[in-house]
>>> print(open('entry_8.txt').read())   # compact mmCIF, C-alpha atoms
# COMPACT_ATOMS: atom_id res chain seq x y z
CA MET A 1 -10.40 16.99 -20.47
CA ASP A 2 -12.70 19.48 -18.74
CA LYS A 3 -15.68 17.10 -18.99
CA LEU A 4 -13.65 14.27 -17.45
CA ILE A 5 -12.56 16.52 -14.57
CA GLU A 6 -16.19 17.59 -14.01
CA ALA A 7 -17.28 13.93 -13.95
CA LEU A 8 -14.53 13.04 -11.48
CA LEU A 9 -15.56 15.94 -9.27
CA ALA A 10 -19.21 14.81 -9.36
CA ALA A 11 -18.18 11.24 -8.48
CA GLN A 12 -15.92 12.42 -5.68
CA ARG A 13 -18.80 14.29 -4.07
CA ASN A 14 -20.47 10.91 -3.52
CA ILE A 15 -17.43 8.78 -2.68
CA LYS A 16 -17.02 8.04 1.02
CA HIS A 17 -13.94 6.75 2.78
CA SER A 18 -13.82 2.99 2.55
CA LEU A 19 -14.47 1.03 5.71
CA ASP A 20 -12.22 -1.58 7.25
CA ASP A 21 -13.60 -4.86 5.96
CA SER A 22 -10.76 -7.27 6.72
CA THR A 23 -8.61 -8.37 9.64
CA ASN A 24 -4.89 -9.05 9.58
CA PRO A 25 -4.51 -11.98 11.99
CA ARG A 26 -0.74 -11.53 12.27
CA PHE A 27 -1.02 -8.00 13.67
CA ASN A 28 -4.62 -8.27 14.93
CA SER A 29 -5.49 -5.11 13.00
CA GLN A 30 -8.31 -3.99 10.73
CA TYR A 31 -7.77 -2.80 7.16
CA THR A 32 -9.64 -2.14 3.93
CA SER A 33 -9.14 -4.74 1.24
CA LEU A 34 -8.59 -3.91 -2.42
CA GLU A 35 -12.18 -5.03 -3.00
CA GLY A 36 -13.35 -2.61 -0.31
CA VAL A 37 -11.64 0.32 -2.03
CA ILE A 38 -13.03 -0.73 -5.43
CA ASP A 39 -16.53 -1.02 -3.92
CA ALA A 40 -16.22 2.47 -2.42
CA VAL A 41 -15.41 4.17 -5.76
CA LYS A 42 -16.46 2.13 -8.79
CA GLU A 43 -20.23 2.71 -8.69
CA HIS A 44 -19.81 6.48 -8.31
CA LEU A 45 -17.21 6.74 -11.07
CA ASN A 46 -19.25 4.60 -13.46
CA ALA A 47 -22.42 6.63 -12.73
CA GLU A 48 -20.56 9.70 -14.04
CA GLY A 49 -19.37 7.90 -17.17
CA VAL A 50 -15.84 7.27 -15.89
CA TYR A 51 -14.02 3.98 -16.31
CA VAL A 52 -11.09 3.33 -13.99
CA GLN A 53 -8.21 1.21 -15.23
CA GLN A 54 -5.15 0.01 -13.36
CA ILE A 55 -2.13 -1.02 -15.36
CA THR A 56 1.15 -2.47 -14.20
CA HIS A 57 4.58 -1.35 -15.30
CA PRO A 58 7.60 -3.63 -15.28
CA ASP A 59 10.06 -2.89 -12.51
CA PRO A 60 12.94 -5.13 -11.44
CA ASP A 61 12.53 -4.19 -7.77
CA GLY A 62 8.81 -4.53 -7.17
CA ALA A 63 5.27 -3.76 -8.21
CA CYS A 64 4.40 -0.56 -10.06
CA VAL A 65 0.74 0.35 -10.69
CA GLU A 66 -0.78 3.30 -12.51
CA THR A 67 -4.45 4.25 -12.10
CA ILE A 68 -5.99 5.90 -15.17
CA PHE A 69 -9.44 7.43 -15.51
CA HIS A 70 -11.12 7.26 -18.95
CA GLY A 71 -14.28 9.01 -20.05
CA HIS A 72 -15.78 11.93 -21.95
CA GLN A 73 -13.21 11.53 -24.76
CA ALA A 74 -10.27 11.99 -22.37
CA SER A 75 -7.91 10.05 -20.11
CA LEU A 76 -6.20 11.15 -16.93
CA SER A 77 -3.36 9.33 -15.17
CA ALA A 78 -3.08 9.56 -11.41
CA GLY A 79 0.61 8.67 -11.61
CA LYS A 80 2.51 5.55 -10.68
CA VAL A 81 2.70 3.91 -7.26
CA PHE A 82 5.69 1.66 -6.57
CA LEU A 83 6.12 -0.87 -3.77
CA PRO A 84 9.21 -3.04 -3.36
CA ALA A 85 8.83 -6.81 -3.67
CA GLU A 86 10.94 -9.90 -3.93
CA LYS A 87 10.05 -11.05 -7.44
CA HIS A 88 11.47 -14.52 -6.91
CA ASP A 89 8.69 -15.09 -4.40
CA PRO A 90 5.29 -14.97 -6.15
CA GLN A 91 3.37 -14.50 -2.90
CA LYS A 92 5.43 -11.48 -1.83
CA PHE A 93 5.17 -9.98 -5.32
CA GLY A 94 1.39 -10.61 -5.39
CA SER A 95 1.04 -8.97 -1.99
CA ALA A 96 3.03 -5.90 -3.11
CA LEU A 97 0.92 -5.70 -6.28
CA THR A 98 -2.33 -5.80 -4.30
CA TYR A 99 -1.04 -3.12 -1.91
CA ALA A 100 0.06 -0.94 -4.83
CA ARG A 101 -3.34 -1.29 -6.52
CA ARG A 102 -5.17 -0.45 -3.30
CA TYR A 103 -3.02 2.57 -2.45
CA SER A 104 -3.02 3.84 -6.04
CA LEU A 105 -6.81 3.70 -6.37
CA ALA A 106 -7.47 5.22 -2.94
CA THR A 107 -5.00 8.02 -3.60
CA ALA A 108 -6.35 8.70 -7.10
CA CYS A 109 -9.90 9.00 -5.73
CA GLY A 110 -8.90 11.11 -2.73
CA ILE A 111 -10.14 8.72 -0.09
CA GLY A 112 -8.72 7.25 3.06
CA HIS A 113 -9.04 3.61 3.94
CA ALA A 114 -7.39 3.39 7.32
CA LYS A 115 -6.96 5.59 10.35
CA ASP A 116 -4.08 7.99 9.88
CA ASP A 117 -1.56 7.41 12.67
CA ASP A 118 0.77 10.22 11.55
CA ALA A 119 3.39 7.61 10.53
CA GLU A 120 3.56 6.27 14.09
CA ALA A 121 3.54 2.62 13.01
CA ALA A 122 6.17 3.22 10.34
CA THR A 123 8.59 4.88 12.75
CA GLU A 124 7.87 3.15 16.06
CA ILE A 125 10.52 0.92 17.59
CA SER A 126 9.51 -0.89 20.73
CA LEU A 127 11.57 -0.45 23.87
CA SER A 128 12.16 -4.17 24.02
CA SER A 129 13.68 -4.05 20.52
CA ILE A 130 16.02 -1.26 21.61
CA GLY A 131 16.99 -3.28 24.67
CA GLU A 132 17.68 -6.35 22.53
CA LEU A 133 19.84 -4.30 20.14
CA ARG A 134 21.82 -2.85 23.04
CA ALA A 135 22.35 -6.30 24.51
CA LEU A 136 23.63 -7.61 21.18
CA HIS A 137 26.07 -4.74 20.76
CA SER A 138 27.31 -4.76 24.35
CA LYS A 139 28.19 -8.45 24.60
CA PRO A 140 31.88 -8.82 25.36
CA GLU A 141 34.00 -10.64 22.85
CA PRO A 142 34.58 -14.25 23.88
CA LYS A 143 38.04 -14.78 25.32
CA PRO A 144 40.22 -17.15 23.32
CA LYS A 145 40.69 -20.52 24.97
CA LYS A 146 44.12 -21.17 26.41
CA LYS A 147 46.08 -23.90 24.76
CA ALA A 148 46.69 -26.91 26.91
CA ALA A 149 50.30 -27.36 28.01
CA SER A 150 51.97 -30.23 26.25
>>> encode(input="entry_8.txt", output="structure tokens")
Amino acid sequence: MDKLIEALLAAQRNIKHSLDDSTNPRFNSQYTSLEGVIDAVKEHLNAEGVYVQQITHPDPDGACVETIFHGHQASLSAGKVFLPAEKHDPQKFGSALTYARRYSLATACGIGHAKDDDAEAATEISLSSIGELRALHSKPEPKPKKKAAS
């Protein structure tokens, strides 16, 4: 195991953060594709005699990926990364699987692939959304219609 750790350390000295190589047209934002993360790490790992493998694990609620490093008569798991997905929709499941692979590999190699916004995007609610929610909850109940006199 020591030789594998030494090889991973040598590779990590050469690995740079991956660059944004794709654009999300829906949010008009830049991101690093799975291919971009692979390109950032594979050459350096392979040069040190390390093979990286990503395996999937069955999960009824989404995509689960484990990144494993092999080399120098040892293997080292970086742990499992899970992302929820609607399995009945192949496109949503495929998207979750790609995200899980990208995040798992980047995490396992200790690299970033996007600007860290300190969870701002994950926690931000726009003021217009708050206003819309308030409007929905403050609408008065409709008054029942009066029955016509017979």
>>> atom_distance(input="entry_8.txt", atom1="atom CA of His57 of chain A", atom2="atom CA of Ala78 of chain A")
13.9 Å
>>> atom_distance(input="entry_8.txt", atom1="atom CA of Cys64 of chain A", atom2="atom CA of Lys92 of chain A")
13.7 Å
>>> closest_atom_pairs(input="entry_8.txt", of="segment 70-105 of chain A", to="segment 4-18 of chain A", cutoff="9 Å", atoms="all atoms listed in the file", output="Markdown table")
| residue | atom | partner | partner_atom | distance |
| --- | --- | --- | --- | --- |
| A:His70 | CA | A:Leu4 | CA | 7.6 |
| A:Gly71 | CA | A:Leu4 | CA | 5.9 |
| A:His72 | CA | A:Leu4 | CA | 5.5 |
| A:Gln73 | CA | A:Leu4 | CA | 7.8 |
| A:Ala74 | CA | A:Leu4 | CA | 6.4 |
| A:Ser75 | CA | A:Leu4 | CA | 7.6 |
| A:Leu76 | CA | A:Leu4 | CA | 8.1 |
>>> atom_distance(input="entry_8.txt", atom1="atom CA of Asp89 of chain A", atom2="atom CA of Thr32 of chain A")
23.9 Å
>>> closest_residue(input="entry_8.txt", among="A:Val50, A:Leu83, A:Leu34, A:Leu105", to="Glu66 of chain A", atoms="all atoms listed in the file")
A:Leu105
>>> closest_residue(input="entry_8.txt", among="A:Ala106, A:Leu97, A:Ser29, A:Asp20", to="Pro58 of chain A", atoms="all atoms listed in the file")
A:Leu97
>>> closest_residue(input="entry_8.txt", among="A:Phe82, A:Gly36, A:Leu19, A:Pro90", to="Thr56 of chain A", atoms="all atoms listed in the file")
A:Phe82
>>> residues_around(input="entry_8.txt", residues="Lys42 of chain A", least_positions_apart="3", cutoff="10 Å", atoms="only C-alpha atoms", output="VMD selection string")
chain A and resid 11 15 37 to 39 45 to 47 50 to 52 109
>>> residues_around(input="entry_8.txt", residues="Ser22 of chain A", least_positions_apart="4", cutoff="8 Å", atoms="all atoms listed in the file", output="list in words")
Gln30, Tyr31, Thr32 and Ser33 of chain A
>>> closest_residue(input="entry_8.txt", among="A:His88, A:Lys3, A:Arg26, A:Lys80", to="Gln54 of chain A", atoms="all atoms listed in the file")
A:Lys80
>>> axis_aligned_box(input="entry_8.txt", around="segment 68-73 of chain A", padding_each_side="3 Å", output="AutoDock Vina command-line options")
--center_x -10.9 --center_y 8.9 --center_z -20.0 --size_x 15.8 --size_y 12.0 --size_z 15.6
>>> closest_residue(input="entry_8.txt", among="A:Ala85, A:Phe27, A:Thr107, A:Arg101", to="Ile55 of chain A", atoms="only C-alpha atoms")
A:Arg101
>>> closest_residue(input="entry_8.txt", among="A:Gly79, A:Phe93, A:Glu35, A:His44", to="Asp61 of chain A", atoms="all atoms listed in the file")
A:Phe93
